[in-house]
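Engineer: Just so it is clear, I am handing over coords-v7.csv, which has CSV, C-alpha atoms and all ligand atoms.
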```
chain,number,residue,atom,x,y,z
A,1,MET,CA,15.2,-14.2,-4.4
A,2,SER,CA,11.4,-14.1,-4.4
A,3,ALA,CA,9.7,-13.0,-7.6
A,4,HIS,CA,8.4,-9.9,-5.8
A,5,ALA,CA,11.7,-8.7,-4.2
A,6,PRO,CA,13.0,-5.5,-5.7
A,7,ALA,CA,15.6,-6.1,-8.4
A,8,ALA,CA,19.2,-5.1,-7.5
A,9,LYS,CA,19.2,-2.8,-10.5
A,10,PRO,CA,16.0,-1.7,-12.3
A,11,THR,CA,15.6,-3.0,-15.9
A,12,ALA,CA,12.8,-0.7,-16.9
A,13,CYS,CA,11.8,2.8,-16.3
A,14,LEU,CA,8.8,5.0,-17.0
A,15,VAL,CA,9.4,8.7,-17.4
A,16,LEU,CA,6.6,11.3,-17.4
A,17,ALA,CA,6.9,14.5,-19.4
A,18,ASP,CA,7.1,16.5,-16.2
A,19,GLY,CA,10.3,14.5,-15.3
A,20,THR,CA,8.8,12.1,-12.7
A,21,VAL,CA,10.6,8.7,-13.0
A,22,PHE,CA,9.3,5.3,-11.9
A,23,TYR,CA,11.8,2.4,-11.9
A,24,GLY,CA,10.8,-1.2,-12.2
A,25,ARG,CA,11.5,-4.6,-13.7
A,26,GLY,CA,11.1,-5.0,-17.5
A,27,PHE,CA,9.2,-7.8,-19.2
A,28,GLY,CA,8.0,-8.5,-22.7
A,29,ALA,CA,10.1,-6.8,-25.4
A,30,GLU,CA,13.2,-4.7,-24.8
A,31,GLY,CA,13.0,-1.3,-26.3
A,32,ARG,CA,11.6,2.2,-25.9
A,33,THR,CA,8.2,3.6,-26.6
A,34,VAL,CA,6.3,6.9,-26.1
A,35,ALA,CA,2.5,7.2,-25.6
A,36,GLU,CA,-0.3,8.7,-23.5
A,37,LEU,CA,-0.6,6.9,-20.2
A,38,CYS,CA,-4.0,5.9,-18.9
A,39,PHE,CA,-5.2,3.6,-16.2
A,40,ASN,CA,-7.7,0.7,-16.4
A,41,THR,CA,-9.5,-0.7,-13.4
A,42,ALA,CA,-10.5,-4.1,-14.8
A,43,MET,CA,-9.7,-7.1,-12.7
A,44,THR,CA,-9.6,-9.4,-15.6
A,45,GLY,CA,-9.3,-9.2,-19.4
A,46,TYR,CA,-5.8,-7.7,-19.8
A,47,GLN,CA,-5.4,-9.5,-23.1
A,48,GLU,CA,-8.6,-8.0,-24.5
A,49,VAL,CA,-7.6,-4.6,-23.2
A,50,MET,CA,-4.1,-4.8,-24.8
A,51,THR,CA,-5.5,-5.9,-28.2
A,52,ASP,CA,-8.3,-3.4,-28.3
A,53,PRO,CA,-7.3,-1.2,-31.3
A,54,SER,CA,-8.8,1.8,-29.4
A,55,TYR,CA,-5.6,1.7,-27.2
A,56,ALA,CA,-3.3,2.6,-30.1
A,57,ASP,CA,-0.7,5.2,-28.9
A,58,GLN,CA,-1.5,4.5,-25.3
A,59,ILE,CA,0.2,2.7,-22.4
A,60,VAL,CA,-2.1,1.1,-19.8
A,61,THR,CA,-1.5,1.1,-16.1
A,62,PHE,CA,-3.5,-1.7,-14.6
A,63,THR,CA,-4.8,-0.8,-11.1
A,64,PHE,CA,-5.5,-4.5,-10.4
A,65,PRO,CA,-2.2,-6.0,-9.1
A,66,HIS,CA,-2.3,-9.5,-10.4
A,67,ILE,CA,-1.9,-9.1,-14.2
A,68,GLY,CA,-0.7,-12.1,-16.2
A,69,ASN,CA,-2.0,-14.8,-13.9
A,70,THR,CA,-4.4,-16.3,-16.5
A,71,GLY,CA,-1.8,-16.4,-19.3
A,72,VAL,CA,-2.9,-15.7,-22.9
A,73,THR,CA,-4.9,-17.4,-25.5
A,74,PRO,CA,-5.6,-16.5,-29.1
A,75,GLU,CA,-9.3,-16.8,-28.4
A,76,ASP,CA,-9.1,-13.6,-26.3
A,77,GLU,CA,-7.5,-11.4,-28.9
A,78,GLU,CA,-9.7,-8.4,-30.0
A,79,ALA,CA,-7.4,-7.8,-33.0
A,80,ALA,CA,-4.5,-9.7,-34.6
A,81,GLU,CA,-1.9,-8.0,-32.4
A,82,PRO,CA,-1.7,-5.8,-29.2
A,83,HIS,CA,-2.4,-2.1,-29.9
A,84,ALA,CA,-1.5,-0.7,-26.4
A,85,LYS,CA,2.2,0.1,-26.7
A,86,GLY,CA,3.0,-1.2,-23.2
A,87,ILE,CA,1.6,-2.0,-19.7
A,88,VAL,CA,2.5,-0.9,-16.2
A,89,VAL,CA,1.7,-3.3,-13.4
A,90,LYS,CA,2.2,-3.7,-9.7
A,91,TRP,CA,3.7,-7.2,-9.6
A,92,ASP,CA,5.7,-9.2,-12.1
A,93,PRO,CA,3.4,-11.6,-14.0
A,94,THR,CA,3.3,-15.0,-12.4
A,95,GLU,CA,3.1,-18.4,-14.0
A,96,PRO,CA,-0.4,-18.7,-15.6
A,97,SER,CA,-3.0,-20.9,-14.0
A,98,ASN,CA,-5.9,-21.3,-16.4
A,99,TRP,CA,-7.0,-24.2,-18.6
A,100,ARG,CA,-7.5,-21.9,-21.6
A,101,SER,CA,-3.9,-20.5,-21.4
A,102,THR,CA,-1.6,-21.3,-24.3
A,103,GLY,CA,1.3,-19.1,-23.2
A,104,THR,CA,2.6,-16.5,-20.8
A,105,LEU,CA,1.9,-12.8,-20.9
A,106,PRO,CA,5.6,-11.8,-21.0
A,107,ALA,CA,6.4,-14.2,-23.9
A,108,TRP,CA,3.4,-13.0,-25.8
A,109,MET,CA,4.4,-9.4,-25.3
A,110,ALA,CA,8.0,-10.2,-26.3
A,111,SER,CA,6.8,-11.9,-29.5
A,112,THR,CA,4.6,-8.9,-30.4
A,113,GLY,CA,7.0,-6.1,-29.5
A,114,ARG,CA,5.2,-4.8,-26.4
A,115,ILE,CA,7.0,-3.5,-23.4
A,116,GLY,CA,6.0,-4.2,-19.7
A,117,ILE,CA,7.2,-2.7,-16.5
A,118,GLY,CA,6.5,-4.4,-13.2
A,119,GLY,CA,7.1,-3.5,-9.5
A,120,ILE,CA,5.4,-0.1,-9.9
A,121,ASP,CA,3.4,1.7,-7.2
A,122,THR,CA,0.3,1.8,-9.5
A,123,ARG,CA,-1.8,3.5,-6.8
A,124,ARG,CA,0.6,6.4,-6.7
A,125,LEU,CA,0.7,6.5,-10.5
A,126,THR,CA,-3.1,6.3,-10.8
A,127,ARG,CA,-3.5,9.2,-8.4
A,128,THR,CA,-1.1,11.2,-10.5
A,129,ILE,CA,-3.1,10.5,-13.6
A,130,ARG,CA,-6.4,11.4,-11.9
A,131,GLN,CA,-4.9,14.7,-10.5
A,132,GLN,CA,-2.9,15.8,-13.6
A,133,GLY,CA,-4.7,14.1,-16.5
A,134,MET,CA,-3.3,11.4,-18.7
A,135,PRO,CA,0.4,12.3,-19.1
A,136,HIS,CA,2.7,11.8,-22.1
A,137,VAL,CA,5.4,9.2,-21.1
A,138,ALA,CA,8.4,7.3,-22.3
A,139,LEU,CA,8.7,3.7,-21.3
A,140,GLU,CA,12.0,1.8,-21.7
A,141,TYR,CA,13.0,-1.8,-20.9
A,142,ARG,CA,16.7,-2.6,-21.2
A,143,ALA,CA,18.4,-5.5,-19.5
A,144,ASP,CA,21.6,-3.6,-18.7
A,145,GLY,CA,19.6,-0.9,-16.8
A,146,ASN,CA,21.6,2.0,-18.3
A,147,PHE,CA,18.9,4.6,-18.9
A,148,ASP,CA,19.4,8.0,-20.4
A,149,LEU,CA,16.8,9.8,-18.3
A,150,GLU,CA,17.2,13.1,-20.1
A,151,ALA,CA,16.6,11.5,-23.5
A,152,LEU,CA,13.5,9.7,-22.1
A,153,ARG,CA,12.1,12.9,-20.7
A,154,THR,CA,12.7,14.7,-24.1
A,155,ALA,CA,11.0,11.8,-25.9
A,156,ALA,CA,8.0,12.0,-23.6
A,157,ARG,CA,7.8,15.8,-24.0
A,158,ASP,CA,8.1,15.5,-27.8
A,159,PHE,CA,5.1,13.1,-28.1
A,160,THR,CA,2.4,15.0,-29.9
A,161,GLY,CA,-0.5,13.3,-28.0
A,162,LEU,CA,-3.9,12.2,-28.9
A,163,THR,CA,-5.7,15.5,-29.4
A,164,GLY,CA,-6.0,15.9,-33.2
A,165,ALA,CA,-4.6,12.4,-33.8
A,166,ASP,CA,-6.3,10.5,-36.6
A,167,LEU,CA,-5.4,6.9,-35.7
A,168,ALA,CA,-8.4,5.1,-37.1
A,169,LYS,CA,-6.9,5.0,-40.6
A,170,ASP,CA,-3.8,3.2,-39.2
A,171,VAL,CA,-5.7,0.4,-37.6
A,172,THR,CA,-8.6,-0.2,-40.0
A,173,THR,CA,-8.8,-3.2,-42.3
A,174,ALA,CA,-7.2,-2.8,-45.8
A,175,GLN,CA,-9.8,-5.0,-47.3
A,176,THR,CA,-13.6,-5.7,-47.2
A,177,TYR,CA,-14.5,-9.1,-45.7
A,178,ARG,CA,-17.4,-11.0,-44.3
A,179,TRP,CA,-17.3,-11.6,-40.5
A,180,GLN,CA,-17.5,-15.4,-39.7
A,181,ASP,CA,-18.3,-16.1,-36.1
A,182,GLY,CA,-20.5,-15.2,-33.1
A,183,ARG,CA,-19.8,-14.8,-29.4
A,184,TRP,CA,-17.8,-17.5,-27.6
A,185,GLU,CA,-19.9,-20.0,-25.8
A,186,TRP,CA,-19.0,-22.4,-23.0
A,187,GLY,CA,-18.2,-25.8,-24.4
A,188,THR,CA,-18.6,-24.9,-28.0
A,189,GLY,CA,-16.4,-21.9,-28.7
A,190,PHE,CA,-17.3,-19.5,-31.5
A,191,PRO,CA,-20.5,-20.4,-33.4
A,192,ALA,CA,-20.4,-19.9,-37.2
A,193,ALA,CA,-22.3,-16.9,-38.6
A,194,GLN,CA,-25.6,-17.6,-40.4
A,195,GLU,CA,-26.3,-16.3,-43.9
A,196,ASP,CA,-29.8,-15.0,-43.2
A,197,GLY,CA,-30.6,-12.1,-41.0
A,198,PRO,CA,-30.3,-8.4,-41.6
A,199,LYS,CA,-27.3,-7.3,-43.7
A,200,VAL,CA,-25.0,-5.0,-41.7
A,201,VAL,CA,-22.1,-3.1,-43.1
A,202,ALA,CA,-19.7,-2.5,-40.2
A,203,ILE,CA,-17.2,0.3,-40.8
A,204,ASP,CA,-13.9,-0.6,-39.1
A,205,TYR,CA,-12.3,2.3,-37.4
A,206,GLY,CA,-10.4,-0.1,-35.1
A,207,ALA,CA,-13.2,-2.6,-34.4
A,208,LYS,CA,-13.0,-5.1,-31.6
A,209,ARG,CA,-13.7,-8.6,-32.7
A,210,ASN,CA,-16.3,-9.1,-30.0
A,211,ILE,CA,-18.4,-6.3,-31.4
A,212,LEU,CA,-18.5,-8.1,-34.8
A,213,ARG,CA,-19.3,-11.4,-33.0
A,214,SER,CA,-22.0,-9.7,-30.9
A,215,LEU,CA,-23.7,-8.4,-34.1
A,216,VAL,CA,-23.6,-12.0,-35.4
A,217,SER,CA,-25.0,-13.3,-32.2
A,218,ALA,CA,-27.8,-10.8,-32.4
A,219,GLY,CA,-28.7,-12.4,-35.8
A,220,CYS,CA,-26.9,-10.1,-38.2
A,221,ASN,CA,-25.0,-10.9,-41.4
A,222,VAL,CA,-21.9,-8.7,-41.1
A,223,THR,CA,-19.6,-7.3,-43.8
A,224,VAL,CA,-16.6,-5.2,-42.7
A,225,LEU,CA,-15.5,-2.2,-44.7
A,226,PRO,CA,-12.4,0.0,-44.3
A,227,ALA,CA,-12.6,3.4,-42.5
A,228,ASN,CA,-12.4,5.5,-45.6
A,229,SER,CA,-15.4,3.9,-47.2
A,230,THR,CA,-17.8,6.3,-48.9
A,231,TYR,CA,-21.6,6.3,-49.0
A,232,ASP,CA,-21.4,4.7,-52.5
A,233,ASP,CA,-19.0,2.0,-51.2
A,234,ILE,CA,-21.5,1.2,-48.5
A,235,MET,CA,-24.6,1.2,-50.7
A,236,ALA,CA,-22.9,-1.2,-53.1
A,237,HIS,CA,-23.4,-3.9,-50.5
A,238,GLN,CA,-27.2,-3.1,-50.2
A,239,PRO,CA,-27.1,-3.2,-46.4
A,240,ASP,CA,-30.1,-3.1,-44.1
A,241,GLY,CA,-28.2,-1.1,-41.6
A,242,VAL,CA,-24.7,0.4,-40.9
A,243,PHE,CA,-22.6,0.0,-37.8
A,244,LEU,CA,-19.9,2.5,-36.8
A,245,SER,CA,-17.1,0.9,-34.7
A,246,ASN,CA,-15.0,1.9,-31.8
A,247,GLY,CA,-11.4,3.1,-32.6
A,248,PRO,CA,-8.4,5.1,-31.4
A,249,GLY,CA,-7.6,8.7,-31.5
A,250,ASP,CA,-9.5,12.0,-31.6
A,251,PRO,CA,-13.0,11.7,-33.1
A,252,GLU,CA,-12.6,15.3,-34.5
A,253,ALA,CA,-9.6,14.1,-36.6
A,254,THR,CA,-12.0,11.9,-38.7
A,255,GLY,CA,-13.7,15.1,-39.9
A,256,GLU,CA,-12.3,14.7,-43.4
A,257,TYR,CA,-13.8,11.2,-44.1
A,258,ALA,CA,-15.9,9.5,-41.5
A,259,VAL,CA,-18.0,12.4,-40.3
A,260,PRO,CA,-19.0,13.5,-43.9
A,261,MET,CA,-19.8,9.9,-44.8
A,262,ILE,CA,-22.1,9.6,-41.8
A,263,ARG,CA,-23.8,12.8,-42.7
A,264,ASP,CA,-24.3,11.5,-46.3
A,265,LEU,CA,-25.7,8.3,-44.9
A,266,MET,CA,-28.3,10.1,-42.7
A,267,GLU,CA,-29.3,12.5,-45.5
A,268,LYS,CA,-29.5,10.1,-48.4
A,269,SER,CA,-30.9,6.9,-46.8
A,270,GLU,CA,-33.4,5.9,-44.2
A,271,MET,CA,-31.3,3.1,-42.9
A,272,PRO,CA,-30.7,2.2,-39.2
A,273,ILE,CA,-27.3,3.3,-37.9
A,274,PHE,CA,-25.7,2.1,-34.7
A,275,GLY,CA,-22.4,3.4,-33.3
A,276,ILE,CA,-20.2,2.4,-30.4
A,277,CYS,CA,-17.6,4.6,-28.6
A,278,LEU,CA,-15.6,6.3,-31.4
A,279,GLY,CA,-18.7,5.5,-33.6
A,280,HIS,CA,-20.9,7.3,-31.1
A,281,GLN,CA,-18.5,10.3,-31.0
A,282,MET,CA,-18.3,10.6,-34.8
A,283,LEU,CA,-22.1,10.2,-35.1
A,284,ALA,CA,-22.5,13.1,-32.6
A,285,LEU,CA,-20.1,15.2,-34.6
A,286,ALA,CA,-22.0,14.4,-37.8
A,287,LEU,CA,-25.2,15.6,-36.1
A,288,GLY,CA,-23.6,18.9,-35.1
A,289,ALA,CA,-22.7,18.2,-31.5
A,290,SER,CA,-19.1,18.5,-30.2
A,291,THR,CA,-16.6,16.3,-28.4
A,292,VAL,CA,-14.1,17.1,-25.7
A,293,LYS,CA,-10.9,15.6,-24.3
A,294,MET,CA,-11.5,14.2,-20.8
A,295,ASN,CA,-9.1,14.6,-17.9
A,296,HIS,CA,-8.4,10.9,-17.2
A,297,GLY,CA,-11.1,9.2,-19.3
A,298,HIS,CA,-13.0,6.1,-18.5
A,299,HIS,CA,-11.2,2.7,-18.7
A,300,GLY,CA,-12.7,-0.2,-16.8
A,301,VAL,CA,-15.5,-2.7,-16.4
A,302,ASN,CA,-17.6,-1.4,-13.6
A,303,HIS,CA,-18.9,1.9,-15.0
A,304,PRO,CA,-22.6,2.6,-14.1
A,305,VAL,CA,-24.6,4.1,-16.9
A,306,LYS,CA,-28.3,5.1,-16.7
A,307,GLU,CA,-30.6,4.7,-19.6
A,308,ILE,CA,-32.6,7.9,-19.2
A,309,GLY,CA,-35.8,6.7,-20.8
A,310,THR,CA,-36.3,3.7,-18.4
A,311,GLY,CA,-34.2,4.8,-15.4
A,312,LYS,CA,-32.5,1.4,-15.6
A,313,VAL,CA,-28.8,1.3,-14.6
A,314,GLU,CA,-26.4,-1.0,-16.5
A,315,ILE,CA,-22.9,-1.8,-15.4
A,316,THR,CA,-20.6,-1.3,-18.4
A,317,SER,CA,-17.2,-1.8,-19.9
A,318,MET,CA,-15.6,1.5,-20.9
A,319,ASN,CA,-12.5,2.7,-22.7
A,320,HIS,CA,-12.5,6.3,-23.8
A,321,GLY,CA,-10.5,9.5,-23.4
A,322,PHE,CA,-12.8,11.8,-25.3
A,323,ALA,CA,-16.5,12.4,-24.6
A,324,VAL,CA,-19.5,13.8,-26.4
A,325,ASP,CA,-20.7,17.1,-24.9
A,326,GLY,CA,-24.4,16.3,-24.3
A,327,ALA,CA,-25.2,20.1,-23.9
A,328,THR,CA,-24.4,20.6,-27.6
A,329,PHE,CA,-27.1,18.2,-29.1
A,330,PRO,CA,-29.4,19.9,-31.7
A,331,ALA,CA,-33.1,19.7,-31.2
A,332,ASN,CA,-33.6,16.6,-33.2
A,333,VAL,CA,-31.2,14.6,-31.0
A,334,GLU,CA,-32.1,13.1,-27.6
A,335,GLU,CA,-29.6,12.1,-24.9
A,336,THR,CA,-30.4,8.5,-24.0
A,337,HIS,CA,-27.6,7.4,-21.6
A,338,VAL,CA,-25.5,9.1,-19.0
A,339,SER,CA,-22.6,8.1,-16.8
A,340,LEU,CA,-23.4,7.8,-13.1
A,341,PHE,CA,-19.7,8.4,-12.3
A,342,ASP,CA,-19.4,11.9,-13.7
A,343,GLY,CA,-22.6,12.7,-15.6
A,344,THR,CA,-20.9,12.7,-19.0
A,345,ASN,CA,-23.0,11.7,-22.0
A,346,CYS,CA,-23.1,8.0,-22.9
A,347,GLY,CA,-25.8,7.8,-25.6
A,348,LEU,CA,-27.8,9.5,-28.2
A,349,LYS,CA,-30.8,8.9,-30.5
A,350,VAL,CA,-32.1,10.8,-33.4
A,351,LYS,CA,-35.7,11.5,-32.8
A,352,ASP,CA,-38.1,9.5,-35.0
A,353,ARG,CA,-35.3,7.7,-36.8
A,354,PRO,CA,-33.6,4.4,-36.1
A,355,ILE,CA,-30.2,6.1,-35.5
A,356,PHE,CA,-28.6,5.6,-32.1
A,357,SER,CA,-25.2,5.1,-30.4
A,358,VAL,CA,-23.5,4.6,-27.1
A,359,GLN,CA,-20.2,5.5,-25.4
A,360,GLN,CA,-19.9,2.3,-23.4
A,361,HIS,CA,-18.9,-1.1,-24.8
A,362,PRO,CA,-22.0,-3.4,-25.0
A,363,GLU,CA,-19.7,-6.2,-26.4
A,364,ALA,CA,-17.8,-6.2,-23.0
A,365,SER,CA,-14.6,-8.2,-23.6
A,366,PRO,CA,-13.7,-7.6,-21.0
A,367,GLY,CA,-16.6,-6.7,-18.8
A,368,PRO,CA,-20.3,-7.2,-17.9
A,369,GLN,CA,-22.9,-7.9,-20.6
A,370,ASP,CA,-25.7,-5.7,-19.3
A,371,SER,CA,-25.7,-3.6,-22.5
A,372,PHE,CA,-26.0,-6.5,-24.9
A,373,TYR,CA,-29.6,-5.5,-25.5
A,374,LEU,CA,-28.3,-2.7,-27.8
A,375,PHE,CA,-27.2,-5.2,-30.4
A,376,GLU,CA,-30.7,-6.8,-30.3
A,377,ARG,CA,-32.3,-3.3,-30.5
A,378,PHE,CA,-30.2,-2.6,-33.7
A,379,ALA,CA,-31.1,-6.0,-35.2
A,380,GLN,CA,-34.8,-5.3,-34.5
A,381,SER,CA,-34.7,-1.9,-36.0
A,382,MET,CA,-33.5,-3.4,-39.3
A,383,GLN,CA,-36.3,-6.0,-39.2
A,384,ALA,CA,-38.9,-3.3,-38.6
B,1,LIG,N1,-13.0,2.8,-27.5
B,1,LIG,C1,-13.1,3.8,-28.3
B,1,LIG,O1,-13.7,3.8,-29.4
B,1,LIG,C2,-12.4,5.1,-28.0
B,1,LIG,C3,-12.8,6.3,-28.7
B,1,LIG,C4,-11.8,7.5,-28.7
B,1,LIG,N2,-10.6,7.1,-29.3
B,1,LIG,C5,-11.6,7.9,-27.2
B,1,LIG,O2,-10.6,7.7,-26.7
B,1,LIG,O3,-12.5,8.4,-26.6
```
Just give me the structure as structure tokens.

Structural biologist:
Amino acid sequence: MSAHAPAAKPTACLVLADGTVFYGRGFGAEGRTVAELCFNTAMTGYQEVMTDPSYADQIVTFTFPHIGNTGVTPEDEEAAEPHAKGIVVKWDPTEPSNWRSTGTLPAWMASTGRIGIGGIDTRRLTRTIRQQGMPHVALEYRADGNFDLEALRTAARDFTGLTGADLAKDVTTAQTYRWQDGRWEWGTGFPAAQEDGPKVVAIDYGAKRNILRSLVSAGCNVTVLPANSTYDDIMAHQPDGVFLSNGPGDPEATGEYAVPMIRDLMEKSEMPIFGICLGHQMLALALGASTVKMNHGHHGVNHPVKEIGTGKVEITSMNHGFAVDGATFPANVEETHVSLFDGTNCGLKVKDRPIFSVQQHPEASPGPQDSFYLFERFAQSMQA
């Protein structure tokens, strides 16, 4: 039997809350999980996607069919473990062909408790997500193929979803630490961080490693603090600037801790502040703007974003299911970037202050590096 032939009996199934069932072949860990289902259009970088902490409580459908063909390597992990609860793919992963690979995707998923389903019509599923919004789903892999569809549908329906979900506190670091390396370079790997350079306190709401590496590569000396850090916790490190990371869940759900801390920071200090994705959304909330849940979000590596001031278009990496409502900015805030896919807000700047943030991912990982200039802009604002 060829690897792509349909299995005699399905070993995995994906059940949407509306009762739609997709059968396929299970890989990775056996078990059941519930989550919000999104789709990601990246052609590469599945390991970075799966380990991005912003994917907590989500399952990712990859629209690119050949997932798994470059294996896995610890160098491509954006966190110590995968955060996406599972993946949905077109074909079964093949044997890896890549000199950097140290193992297979299914074995890595099995060892980290993540569930995969292969053999799915991901075009149909993606069309469903685009038309109906990101559904709540149950995904199960069991080798005996005996599924209790009613129980799976109930589990999908009972999932409370991401609106109102405060997940940053689940994925943040427990301890404060100094970040040690810069961006991976061909032939040399990860360069060691320098001691000099502006001191950045990076608040970890689910930070991707390549963001911390990008700050280092832009010349910063980075100390990482937990999500519930207060203004005083931050100032104890005498930083030159504060970075607000990406992260999972609903930005509004951080209104008890992150948003008031950011407000404090803006009121009591003159320091530069830079935020990415969840950091952008929370900064917008602290400034008095609002955020909204999107229909199917932006998850991919080819999203065109225009920098309004220059008219320049950058091709960006994106992963978000909420967006800042650019129409709600107060008078002291300027919209700096906009999505050319749907016109949604992608950036803000506080007028006359070195405080800015973007919705896209300038660290890429995976994706293009057009937006890396933002790390340099932040480093320069601290040197000014
Ligand atoms: N990558 C992120 O930081 C995502 C932010 C937020 N959780 C969203 O889905 O929009």

Engineer: Can you work out which one of A:Pro74, A:Gly182, A:Gly24, A:Gly279 has the shortest atom-to-atom distance to Val216 (chain A), counting all atoms listed in the file?

Structural biologist: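 Distance minimum relative to Val216 (chain A) lands on A:Gly182.
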
Engineer: Sort by chain and increasing residue number a table of all residues of chain A within 8 Å of ligand LIG 1 (chain B), each with its closest pair of atoms and their distance in Å to one decimal, counting only C-alpha atoms and all ligand atoms, and write it as JSON lines.

Structural biologist:
```
{"residue": "A:Asp52", "atom": "CA", "partner": "B:LIG1", "partner_atom": "N1", "distance": 7.8}
{"residue": "A:Pro53", "atom": "CA", "partner": "B:LIG1", "partner_atom": "N1", "distance": 7.9}
{"residue": "A:Ser54", "atom": "CA", "partner": "B:LIG1", "partner_atom": "N1", "distance": 4.7}
{"residue": "A:Tyr55", "atom": "CA", "partner": "B:LIG1", "partner_atom": "N1", "distance": 7.5}
{"residue": "A:Gly206", "atom": "CA", "partner": "B:LIG1", "partner_atom": "O1", "distance": 7.7}
{"residue": "A:Ser245", "atom": "CA", "partner": "B:LIG1", "partner_atom": "O1", "distance": 6.9}
{"residue": "A:Asn246", "atom": "CA", "partner": "B:LIG1", "partner_atom": "O1", "distance": 3.3}
{"residue": "A:Gly247", "atom": "CA", "partner": "B:LIG1", "partner_atom": "O1", "distance": 4.0}
{"residue": "A:Pro248", "atom": "CA", "partner": "B:LIG1", "partner_atom": "N2", "distance": 3.6}
{"residue": "A:Gly249", "atom": "CA", "partner": "B:LIG1", "partner_atom": "N2", "distance": 4.0}
{"residue": "A:Asp250", "atom": "CA", "partner": "B:LIG1", "partner_atom": "N2", "distance": 5.5}
{"residue": "A:Pro251", "atom": "CA", "partner": "B:LIG1", "partner_atom": "C4", "distance": 6.2}
{"residue": "A:Ile276", "atom": "CA", "partner": "B:LIG1", "partner_atom": "O1", "distance": 6.7}
{"residue": "A:Cys277", "atom": "CA", "partner": "B:LIG1", "partner_atom": "O1", "distance": 4.1}
{"residue": "A:Leu278", "atom": "CA", "partner": "B:LIG1", "partner_atom": "O1", "distance": 3.7}
{"residue": "A:Gly279", "atom": "CA", "partner": "B:LIG1", "partner_atom": "O1", "distance": 6.7}
{"residue": "A:Gln281", "atom": "CA", "partner": "B:LIG1", "partner_atom": "C3", "distance": 7.3}
{"residue": "A:Lys293", "atom": "CA", "partner": "B:LIG1", "partner_atom": "O3", "distance": 7.7}
{"residue": "A:Gly297", "atom": "CA", "partner": "B:LIG1", "partner_atom": "O3", "distance": 7.5}
{"residue": "A:Met318", "atom": "CA", "partner": "B:LIG1", "partner_atom": "N1", "distance": 7.2}
{"residue": "A:Asn319", "atom": "CA", "partner": "B:LIG1", "partner_atom": "N1", "distance": 4.8}
{"residue": "A:His320", "atom": "CA", "partner": "B:LIG1", "partner_atom": "O3", "distance": 3.5}
{"residue": "A:Gly321", "atom": "CA", "partner": "B:LIG1", "partner_atom": "O2", "distance": 3.8}
{"residue": "A:Phe322", "atom": "CA", "partner": "B:LIG1", "partner_atom": "O3", "distance": 3.7}
{"residue": "A:Ala323", "atom": "CA", "partner": "B:LIG1", "partner_atom": "O3", "distance": 6.0}
{"residue": "A:Gln359", "atom": "CA", "partner": "B:LIG1", "partner_atom": "O1", "distance": 7.8}
{"residue": "A:His361", "atom": "CA", "partner": "B:LIG1", "partner_atom": "N1", "distance": 7.6}
```

Engineer: Grab the CA of Ala151 (chain A) to CA of Pro10 (chain A) distance for me, in Å with one decimal place.

Structural biologist: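 Taking CA of Ala151 (chain A) and CA of Pro10 (chain A), their separation equals 17.3 Å.
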
Engineer: Of the candidates A:Leu149, A:Val292, A:Ala253, A:Ala17, which shows the shortest atom-to-atom distance to Asn345 (chain A), using only C-alpha atoms?

Structural biologist: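 Checking each of A:Leu149, A:Val292, A:Ala253, A:Ala17 against Asn345 (chain A), counting only C-alpha atoms, the winner is A:Val292.
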
Engineer: Extract, using all atoms listed in the file, all DNA, RNA and protein residues at most 8 Å from Val333 (chain A), discarding same-chain residues fewer than 2 positions from it, and format them as a PyMOL selection string.

Structural biologist: chain A and resi 287+329-331+335+348-351

Engineer: Which of these, A:Gly197, A:Pro191, A:Pro239, A:Gly275, has the shortest distance to Ile355 (chain A) once you count all atoms listed in the file?

Structural biologist: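 Looking only at the distances to Ile355 (chain A), the closest residue turns out to be A:Gly275.
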
Engineer: How many Å separate CA of Thr344 (chain A) from CA of Arg213 (chain A)?

Structural biologist: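 Spanning CA of Thr344 (chain A) to CA of Arg213 (chain A) is a straight-line distance of 27.9 Å.
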
Engineer: At a cut-off of 12 Å, using all atoms listed in the file, what residues contact region 119-133 of chain A? Leave out same-chain residues fewer than 3 positions from it and give the result as an MDAnalysis selection string.

Structural biologist: chainID A and resid 3:7 10:18 20:27 36:41 60:67 87:93 116 136:137 293:299 321
